[in-house]
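File shown here: coords-v1.tsv, holding TSV, C-alpha atoms.
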```tsv
chain	number	residue	atom	x	y	z
A	1	MET	CA	-6.02	-25.43	-26.07
A	2	LYS	CA	-9.67	-24.91	-25.37
A	3	ILE	CA	-10.31	-21.51	-23.80
A	4	GLN	CA	-12.67	-21.82	-20.83
A	5	PRO	CA	-15.10	-19.01	-20.01
A	6	LEU	CA	-14.28	-17.03	-16.89
A	7	THR	CA	-15.67	-18.57	-13.71
A	8	GLU	CA	-17.21	-16.50	-10.91
A	9	ASN	CA	-14.17	-17.25	-8.74
A	10	GLU	CA	-11.81	-15.98	-11.46
A	11	ARG	CA	-13.94	-12.89	-11.81
A	12	TRP	CA	-13.60	-12.36	-8.05
A	13	LEU	CA	-9.81	-12.87	-8.08
A	14	LEU	CA	-9.24	-10.43	-10.97
A	15	SER	CA	-11.50	-7.94	-9.19
A	16	PHE	CA	-9.43	-8.46	-6.03
A	17	TYR	CA	-6.25	-7.63	-8.01
A	18	ARG	CA	-7.98	-4.59	-9.47
A	19	THR	CA	-9.06	-3.30	-6.04
A	20	SER	CA	-5.57	-3.78	-4.67
A	21	GLU	CA	-4.05	-1.82	-7.58
A	22	ILE	CA	-6.57	1.00	-7.03
A	23	SER	CA	-5.74	1.18	-3.31
A	24	GLY	CA	-2.03	1.30	-4.15
A	25	ALA	CA	-2.58	4.06	-6.71
A	26	LEU	CA	-4.61	6.18	-4.29
A	27	PHE	CA	-2.06	5.81	-1.52
A	28	PHE	CA	1.00	6.54	-3.68
A	29	GLY	CA	-0.81	9.37	-5.42
A	30	ARG	CA	-1.53	11.13	-2.12
A	31	LEU	CA	2.03	10.54	-0.97
A	32	ALA	CA	3.52	11.78	-4.25
A	33	LYS	CA	1.46	14.93	-3.79
A	34	SER	CA	2.72	15.62	-0.28
A	35	LEU	CA	6.43	14.78	-0.68
A	36	PRO	CA	8.97	17.52	-1.42
A	37	PRO	CA	10.63	17.51	-4.89
A	38	GLY	CA	13.43	14.99	-5.37
A	39	PRO	CA	14.17	11.49	-6.69
A	40	ILE	CA	11.69	9.78	-4.34
A	41	GLN	CA	8.90	12.13	-5.37
A	42	THR	CA	9.72	11.41	-9.05
A	43	ASP	CA	9.79	7.62	-8.70
A	44	LEU	CA	6.74	7.57	-6.47
A	45	THR	CA	4.80	9.58	-9.06
A	46	LYS	CA	5.71	7.04	-11.75
A	47	HIS	CA	4.84	4.22	-9.33
A	48	PHE	CA	1.43	5.81	-8.68
A	49	ALA	CA	0.82	6.12	-12.44
A	50	ASP	CA	1.73	2.42	-12.91
A	51	GLU	CA	-0.64	1.23	-10.18
A	52	SER	CA	-3.40	3.29	-11.69
A	53	GLN	CA	-2.65	1.82	-15.12
A	54	HIS	CA	-2.68	-1.70	-13.67
A	55	SER	CA	-6.16	-1.20	-12.25
A	56	TRP	CA	-7.23	-0.18	-15.75
A	57	PHE	CA	-5.56	-3.29	-17.23
A	58	TRP	CA	-7.59	-5.54	-14.90
A	59	THR	CA	-10.78	-3.62	-15.67
A	60	ARG	CA	-10.13	-3.99	-19.41
A	61	CYS	CA	-9.22	-7.68	-19.02
A	62	LEU	CA	-12.47	-8.41	-17.18
A	63	GLN	CA	-14.53	-6.50	-19.73
A	64	THR	CA	-12.77	-8.17	-22.68
A	65	LEU	CA	-13.76	-11.48	-21.13
A	66	GLY	CA	-17.36	-10.31	-20.92
A	67	HIS	CA	-17.59	-9.36	-17.25
A	68	GLU	CA	-17.78	-6.25	-15.11
A	69	PRO	CA	-15.46	-6.01	-12.08
A	70	ILE	CA	-16.98	-6.86	-8.70
A	71	LYS	CA	-17.04	-3.94	-6.26
A	72	LEU	CA	-14.93	-5.03	-3.29
A	73	ASP	CA	-14.76	-2.90	-0.16
A	74	THR	CA	-11.36	-3.87	1.17
A	75	ALA	CA	-7.99	-4.41	-0.48
A	76	TYR	CA	-5.21	-6.83	0.48
A	77	GLN	CA	-3.02	-4.06	1.87
A	78	ASP	CA	-5.78	-2.73	4.15
A	79	GLN	CA	-4.89	-5.51	6.59
A	80	TYR	CA	-1.24	-4.46	6.75
A	81	ILE	CA	-1.70	-1.68	9.26
A	82	SER	CA	-3.42	-3.84	11.84
A	83	ALA	CA	-0.81	-6.58	11.35
A	84	ALA	CA	2.32	-4.43	11.18
A	85	GLY	CA	1.39	-1.09	12.73
A	86	MET	CA	1.29	2.22	10.93
A	87	PRO	CA	4.47	3.22	9.09
A	88	ALA	CA	5.47	6.68	10.30
A	89	ASN	CA	8.21	7.92	8.00
A	90	ILE	CA	9.17	7.57	4.35
A	91	MET	CA	11.71	4.81	5.06
A	92	GLU	CA	9.03	2.74	6.79
A	93	VAL	CA	6.56	3.42	3.97
A	94	LEU	CA	9.10	2.27	1.39
A	95	GLY	CA	9.89	-0.76	3.58
A	96	ILE	CA	6.28	-1.90	3.66
A	97	THR	CA	6.01	-1.10	-0.07
A	98	LEU	CA	8.96	-3.33	-0.90
A	99	ILE	CA	7.52	-6.29	1.00
A	100	PHE	CA	4.12	-5.73	-0.60
A	101	GLU	CA	5.56	-5.46	-4.13
A	102	LYS	CA	7.44	-8.73	-3.63
A	103	ARG	CA	4.19	-10.35	-2.56
A	104	VAL	CA	2.41	-8.97	-5.64
A	105	ILE	CA	5.05	-10.19	-8.09
A	106	GLY	CA	5.06	-13.60	-6.35
A	107	GLN	CA	1.29	-13.87	-6.57
A	108	TYR	CA	1.20	-12.82	-10.24
A	109	ALA	CA	4.02	-15.27	-11.07
A	110	LEU	CA	2.07	-18.04	-9.33
A	111	HIS	CA	-1.08	-17.17	-11.26
A	112	ARG	CA	0.96	-17.10	-14.50
A	113	GLN	CA	1.75	-20.80	-13.98
A	114	ALA	CA	-1.89	-21.82	-13.58
A	115	GLN	CA	-3.19	-24.59	-15.77
A	116	ASP	CA	-5.17	-23.54	-18.89
A	117	LEU	CA	-4.63	-19.87	-18.15
A	118	ASN	CA	-6.84	-17.64	-20.28
A	119	PRO	CA	-4.61	-15.78	-22.85
A	120	GLU	CA	-6.16	-12.45	-21.91
A	121	ILE	CA	-5.26	-12.95	-18.24
A	122	LYS	CA	-1.77	-14.14	-19.22
A	123	LYS	CA	-1.28	-11.02	-21.36
A	124	THR	CA	-2.37	-8.77	-18.47
A	125	LEU	CA	-0.16	-10.54	-15.93
A	126	ASP	CA	2.86	-10.23	-18.25
A	127	LEU	CA	2.24	-6.53	-18.78
A	128	ILE	CA	1.98	-5.80	-15.07
A	129	VAL	CA	4.91	-7.97	-13.94
A	130	GLU	CA	7.30	-5.90	-16.09
A	131	ASP	CA	6.34	-2.75	-14.12
A	132	GLU	CA	6.46	-4.60	-10.81
A	133	LYS	CA	10.10	-5.51	-11.44
A	134	TRP	CA	10.94	-1.81	-11.73
A	135	HIS	CA	8.95	-1.06	-8.54
A	136	ILE	CA	11.11	-3.49	-6.59
A	137	GLU	CA	14.28	-2.05	-8.15
A	138	TRP	CA	13.61	1.59	-7.36
A	139	VAL	CA	12.36	0.98	-3.82
A	140	THR	CA	15.35	-1.28	-3.04
A	141	GLN	CA	17.71	1.41	-4.32
A	142	ALA	CA	15.92	4.18	-2.40
A	143	LEU	CA	16.17	2.17	0.83
A	144	LYS	CA	19.87	1.57	0.16
A	145	ASN	CA	20.35	5.32	-0.28
A	146	MET	CA	18.70	5.84	3.14
A	147	GLU	CA	21.18	3.63	4.99
A	148	GLY	CA	23.34	6.64	5.92
A	149	GLU	CA	20.36	8.44	7.42
A	150	TYR	CA	18.49	5.60	9.14
A	151	GLY	CA	21.19	2.92	9.56
A	152	LYS	CA	21.30	-0.39	7.68
A	153	GLU	CA	20.50	-2.41	10.79
A	154	HIS	CA	17.39	-0.36	11.54
A	155	ILE	CA	16.18	-0.68	7.92
A	156	ASP	CA	16.78	-4.45	7.97
A	157	LYS	CA	14.87	-4.75	11.24
A	158	THR	CA	11.98	-2.74	9.79
A	159	LEU	CA	11.88	-4.95	6.68
A	160	LYS	CA	11.88	-8.09	8.83
A	161	ARG	CA	8.92	-6.77	10.85
A	162	PHE	CA	6.94	-6.02	7.69
A	163	TYR	CA	7.94	-9.35	6.15
A	164	ASP	CA	6.51	-11.20	9.17
A	165	ALA	CA	3.32	-9.13	9.01
A	166	ASP	CA	2.92	-9.82	5.29
A	167	LYS	CA	3.31	-13.56	5.88
A	168	GLU	CA	0.54	-13.39	8.47
A	169	VAL	CA	-1.76	-11.35	6.19
A	170	TYR	CA	-1.13	-13.60	3.18
A	171	GLN	CA	-1.82	-16.80	5.12
A	172	LYS	CA	-4.99	-15.27	6.54
A	173	THR	CA	-6.13	-14.12	3.08
A	174	VAL	CA	-5.44	-17.49	1.45
A	175	LYS	CA	-7.27	-19.30	4.25
A	176	GLU	CA	-10.23	-16.92	4.01
A	177	HIS	CA	-10.56	-17.35	0.24
A	178	GLU	CA	-9.25	-20.92	-0.02
A	179	GLU	CA	-12.21	-22.27	-1.97
A	180	ARG	CA	-12.17	-19.50	-4.55
A	181	ILE	CA	-8.41	-19.66	-5.14
A	182	ALA	CA	-8.01	-23.45	-5.15
A	183	GLY	CA	-10.09	-23.83	-8.27
A	184	ILE	CA	-8.10	-21.24	-10.18
A	185	LEU	CA	-4.48	-21.83	-9.24
A	186	LYS	CA	-4.15	-25.42	-10.43
A	187	PHE	CA	-0.76	-26.12	-11.94
A	188	LYS	CA	0.55	-28.17	-14.83
A	189	LYS	CA	2.02	-31.50	-13.78
A	190	ASP	CA	5.17	-31.27	-16.00
B	191	MET	CA	8.24	23.94	20.80
B	192	LEU	CA	5.96	23.65	17.77
B	193	ASP	CA	2.93	25.85	17.18
B	194	ASN	CA	0.02	23.55	18.13
B	195	ASN	CA	-2.52	25.61	16.23
B	196	LYS	CA	-0.45	25.39	13.04
B	197	ILE	CA	-0.31	21.60	13.44
B	198	LYS	CA	-4.08	21.45	13.86
B	199	THR	CA	-4.63	23.65	10.82
B	200	ARG	CA	-2.39	21.42	8.73
B	201	ILE	CA	-4.20	18.28	9.99
B	202	SER	CA	-7.51	19.88	9.06
B	203	GLN	CA	-6.22	20.67	5.54
B	204	ILE	CA	-4.78	17.19	4.91
B	205	LEU	CA	-7.80	15.29	6.21
B	206	SER	CA	-10.31	17.76	4.71
B	207	VAL	CA	-12.03	17.90	8.10
B	208	PRO	CA	-13.40	21.22	9.48
B	209	SER	CA	-10.89	22.82	11.86
B	210	GLU	CA	-13.40	22.88	14.77
B	211	LYS	CA	-13.33	19.08	14.75
B	212	ILE	CA	-9.54	18.99	15.21
B	213	THR	CA	-9.55	19.18	19.01
B	214	ASP	CA	-6.99	17.66	21.41
B	215	ASN	CA	-9.44	14.88	22.26
B	216	ALA	CA	-10.40	14.05	18.66
B	217	VAL	CA	-9.57	10.41	17.93
B	218	LEU	CA	-7.52	10.18	14.73
B	219	GLN	CA	-9.10	6.94	13.53
B	220	GLU	CA	-12.53	8.55	13.88
B	221	LEU	CA	-11.57	11.60	11.83
B	222	VAL	CA	-10.84	9.50	8.77
B	223	ILE	CA	-11.84	5.95	7.91
B	224	ASP	CA	-8.92	5.15	5.59
B	225	SER	CA	-5.76	4.52	7.66
B	226	PHE	CA	-3.61	5.13	4.59
B	227	ILE	CA	-4.68	8.80	4.68
B	228	LEU	CA	-3.33	8.94	8.25
B	229	ILE	CA	0.06	7.66	7.01
B	230	ASP	CA	0.10	10.39	4.40
B	231	MET	CA	-0.81	12.96	7.08
B	232	VAL	CA	1.98	11.88	9.44
B	233	ILE	CA	4.57	12.06	6.62
B	234	ASP	CA	3.31	15.48	5.56
B	235	LEU	CA	3.49	16.79	9.16
B	236	GLN	CA	7.11	15.63	9.45
B	237	ASN	CA	8.05	17.43	6.23
B	238	THR	CA	6.12	20.56	7.20
B	239	PHE	CA	7.49	20.81	10.76
B	240	ASN	CA	10.92	19.31	10.04
B	241	ILE	CA	10.85	16.49	12.57
B	242	ARG	CA	11.14	12.74	12.27
B	243	LEU	CA	8.84	10.12	13.81
B	244	ASN	CA	9.24	6.34	13.89
B	245	GLN	CA	6.63	3.63	14.01
B	246	GLU	CA	7.29	3.09	17.74
B	247	ASP	CA	6.53	6.76	18.44
B	248	LEU	CA	2.99	6.28	17.12
B	249	ILE	CA	2.10	3.24	19.23
B	250	PRO	CA	0.59	5.28	22.12
B	251	VAL	CA	-0.96	7.89	19.78
B	252	LYS	CA	-4.74	7.80	19.68
B	253	THR	CA	-5.83	11.45	19.62
B	254	VAL	CA	-4.77	14.70	17.97
B	255	GLY	CA	-3.41	15.82	21.36
B	256	ASP	CA	-1.29	12.65	21.65
B	257	LEU	CA	0.14	13.26	18.20
B	258	ILE	CA	0.99	16.89	18.99
B	259	SER	CA	2.74	15.81	22.23
B	260	VAL	CA	4.84	13.23	20.37
B	261	MET	CA	5.74	15.79	17.71
B	262	ASN	CA	6.78	18.29	20.37
B	263	SER	CA	8.96	15.66	22.07
B	264	LYS	CA	10.94	15.39	18.81
B	265	THR	CA	11.91	19.06	18.52
```

Write the structure described by the file as structure tokens, please.
Amino acid sequence: MKIQPLTENERWLLSFYRTSEISGALFFGRLAKSLPPGPIQTDLTKHFADESQHSWFWTRCLQTLGHEPIKLDTAYQDQYISAAGMPANIMEVLGITLIFEKRVIGQYALHRQAQDLNPEIKKTLDLIVEDEKWHIEWVTQALKNMEGEYGKEHIDKTLKRFYDADKEVYQKTVKEHEERIAGILKFKKD
Amino acid sequence: MLDNNKIKTRISQILSVPSEKITDNAVLQELVIDSFILIDMVIDLQNTFNIRLNQEDLIPVKTVGDLISVMNSKT
């Protein structure tokens, strides 16, 4: 397989991933700092460390491929609040986190299937997806543990609201960056 | 009834905004650009003052005074 040099659109997409991981790290880091001790504080601290690590992985990936990351002002999740409203308690924060993490793993899995994927990008995606699986596991379990306090029906309704908002944000993002993404996420025919 | 001054002091600490700017009429979105810091602030206030807020409670909240009123309605 002939390895193609990174295009400007690929550079932008990897920088977009990097920015999103940084935003996640900053948010979870602040939250981990303000939560009282307990299992959620513990898992959130690990989650924050992972997101931070992922932003480093994308930085390293870009630099290994001979590029610097592009400075982007907004991250994917910045649009969540206007689409879904501001989460007000820890259950709602974990709800929006779960939907977001599912979106991330879906996007990375999609990118993983791209035709002629650069081995460095593949390696980075594989590294990150392993952590993302754990993120979904711990948040799902934490929300299950909250059913007694918040009610299963209320949690399900919250998740549905965030799911609808995510769908709206994703469609908007894809439409906005259609040209950049189309050239990268081409898939094998077999 | 919660101590409104204590709430304002805590808001000032979390947002790193001078306390004189934390007035009843101060618009929350103008105190801090990053909305994710506001989420962190609301969660911290609930832990500090032992109350619980839901997303619906925050819909009418625009100012510091609105937030304090909502918090007081939950005690």

Counting only C-alpha atoms, the option among A:Ala75, A:Asp164, A:Trp12, A:Gly85 closest to Leu228 (chain B):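 Ranked by minimum distance to Leu228 (chain B), first place goes to A:Gly85.
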
Minimum-distance residue to Ser263 (chain B), chosen among B:Ile227, B:Ile241, B:Val207, B:Val232 (using only C-alpha atoms):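 Going through B:Ile227, B:Ile241, B:Val207, B:Val232 one by one, the smallest distance to Ser263 (chain B) is for B:Ile241.
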
_Residues of chain B within 10 Å of chain A, counting all atoms listed in the file, what are they? List them as a VMD selection string._
chain B and resid 204 224 to 238 242 to 249

Those same residues - C-alpha atoms - I'd like them written as a PDB file, keeping the file's coordinate frame.
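The resulting result.pdb:
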```pdb
ATOM      1  CA  ILE B 204      -4.780  17.190   4.910  1.00  0.00           C
ATOM      2  CA  ASP B 224      -8.920   5.150   5.590  1.00  0.00           C
ATOM      3  CA  SER B 225      -5.760   4.520   7.660  1.00  0.00           C
ATOM      4  CA  PHE B 226      -3.610   5.130   4.590  1.00  0.00           C
ATOM      5  CA  ILE B 227      -4.680   8.800   4.680  1.00  0.00           C
ATOM      6  CA  LEU B 228      -3.330   8.940   8.250  1.00  0.00           C
ATOM      7  CA  ILE B 229       0.060   7.660   7.010  1.00  0.00           C
ATOM      8  CA  ASP B 230       0.100  10.390   4.400  1.00  0.00           C
ATOM      9  CA  MET B 231      -0.810  12.960   7.080  1.00  0.00           C
ATOM     10  CA  VAL B 232       1.980  11.880   9.440  1.00  0.00           C
ATOM     11  CA  ILE B 233       4.570  12.060   6.620  1.00  0.00           C
ATOM     12  CA  ASP B 234       3.310  15.480   5.560  1.00  0.00           C
ATOM     13  CA  LEU B 235       3.490  16.790   9.160  1.00  0.00           C
ATOM     14  CA  GLN B 236       7.110  15.630   9.450  1.00  0.00           C
ATOM     15  CA  ASN B 237       8.050  17.430   6.230  1.00  0.00           C
ATOM     16  CA  THR B 238       6.120  20.560   7.200  1.00  0.00           C
ATOM     17  CA  ARG B 242      11.140  12.740  12.270  1.00  0.00           C
ATOM     18  CA  LEU B 243       8.840  10.120  13.810  1.00  0.00           C
ATOM     19  CA  ASN B 244       9.240   6.340  13.890  1.00  0.00           C
ATOM     20  CA  GLN B 245       6.630   3.630  14.010  1.00  0.00           C
ATOM     21  CA  GLU B 246       7.290   3.090  17.740  1.00  0.00           C
ATOM     22  CA  ASP B 247       6.530   6.760  18.440  1.00  0.00           C
ATOM     23  CA  LEU B 248       2.990   6.280  17.120  1.00  0.00           C
ATOM     24  CA  ILE B 249       2.100   3.240  19.230  1.00  0.00           C
TER      25      ILE B 249
END
```

message: I'd like the neighbourhood of Val104 (chain A) as a PyMOL selection string, where a residue qualifies if any of its atoms comes within 12 Å (using only C-alpha atoms), though same-chain residues fewer than 3 positions away should be ignored.
response: chain A and resi 16-18+20-21+24+51+54+76-77+97-101+107-111+125+128-133+135-136+166+170

Polymer residues at most 12 Å from Arg112 (chain A), only C-alpha atoms, same-chain spacing of 5 or more positions, as a PDB file with C-alpha atoms, in the frame of the given file:
```pdb
ATOM      1  CA  ILE A 105       5.050 -10.190  -8.090  1.00  0.00           C
ATOM      2  CA  GLY A 106       5.060 -13.600  -6.350  1.00  0.00           C
ATOM      3  CA  GLN A 107       1.290 -13.870  -6.570  1.00  0.00           C
ATOM      4  CA  LEU A 117      -4.630 -19.870 -18.150  1.00  0.00           C
ATOM      5  CA  ASN A 118      -6.840 -17.640 -20.280  1.00  0.00           C
ATOM      6  CA  PRO A 119      -4.610 -15.780 -22.850  1.00  0.00           C
ATOM      7  CA  GLU A 120      -6.160 -12.450 -21.910  1.00  0.00           C
ATOM      8  CA  ILE A 121      -5.260 -12.950 -18.240  1.00  0.00           C
ATOM      9  CA  LYS A 122      -1.770 -14.140 -19.220  1.00  0.00           C
ATOM     10  CA  LYS A 123      -1.280 -11.020 -21.360  1.00  0.00           C
ATOM     11  CA  THR A 124      -2.370  -8.770 -18.470  1.00  0.00           C
ATOM     12  CA  LEU A 125      -0.160 -10.540 -15.930  1.00  0.00           C
ATOM     13  CA  ASP A 126       2.860 -10.230 -18.250  1.00  0.00           C
ATOM     14  CA  LEU A 127       2.240  -6.530 -18.780  1.00  0.00           C
ATOM     15  CA  ILE A 128       1.980  -5.800 -15.070  1.00  0.00           C
ATOM     16  CA  VAL A 129       4.910  -7.970 -13.940  1.00  0.00           C
ATOM     17  CA  ILE A 184      -8.100 -21.240 -10.180  1.00  0.00           C
ATOM     18  CA  LEU A 185      -4.480 -21.830  -9.240  1.00  0.00           C
ATOM     19  CA  LYS A 186      -4.150 -25.420 -10.430  1.00  0.00           C
ATOM     20  CA  PHE A 187      -0.760 -26.120 -11.940  1.00  0.00           C
ATOM     21  CA  LYS A 188       0.550 -28.170 -14.830  1.00  0.00           C
TER      22      LYS A 188
END
```

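Picture a line from CA of Ser15 (chain A) to CA of Ala83 (chain A); it runs 23.2 Å.
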
Worksheet item: If you count all atoms listed in the file, which residues fall within 8 Å of Thr265 (chain B), apart from same-chain ones fewer than 4 positions away, as a ChimeraX atom specification?
Response: /B:191-192,241,261

* Please, what distance in Å, to one decimal, runs between CA of Arg11 (chain A) and CA of Glu176 (chain A)? ->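 Calculated distance between CA of Arg11 (chain A) and CA of Glu176 (chain A) is 16.7 Å.
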
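When all atoms listed in the file are used to measure the gap to Lys71 (chain A), the shortest distance among A:Glu137, A:Leu44, A:Pro37, A:Thr19 belongs to A:Thr19.
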
Please determine the residues with any atom at most 12 Å from (-15.0, -7.0, -11.8) (coordinates as given in the file, with all atoms listed in the file counting) and report them as a PyMOL selection string.
chain A and resi 6-19+55-72

Non-local contacts of Asn195 (chain B) (10 Å; all atoms listed in the file; under 6 positions in same chain excluded) as a PyMOL selection string: chain B and resi 201+209+212-213+258

Save the residues we just selected, C-alpha atoms, as a short mmCIF file (atom, residue, chain, number, x, y, z; two decimals), keeping the file's coordinate frame?
```cif
data_model
loop_
_atom_site.label_atom_id
_atom_site.label_comp_id
_atom_site.auth_asym_id
_atom_site.auth_seq_id
_atom_site.Cartn_x
_atom_site.Cartn_y
_atom_site.Cartn_z
CA ILE B 201 -4.20 18.28 9.99
CA SER B 209 -10.89 22.82 11.86
CA ILE B 212 -9.54 18.99 15.21
CA THR B 213 -9.55 19.18 19.01
CA ILE B 258 0.99 16.89 18.99
#
```
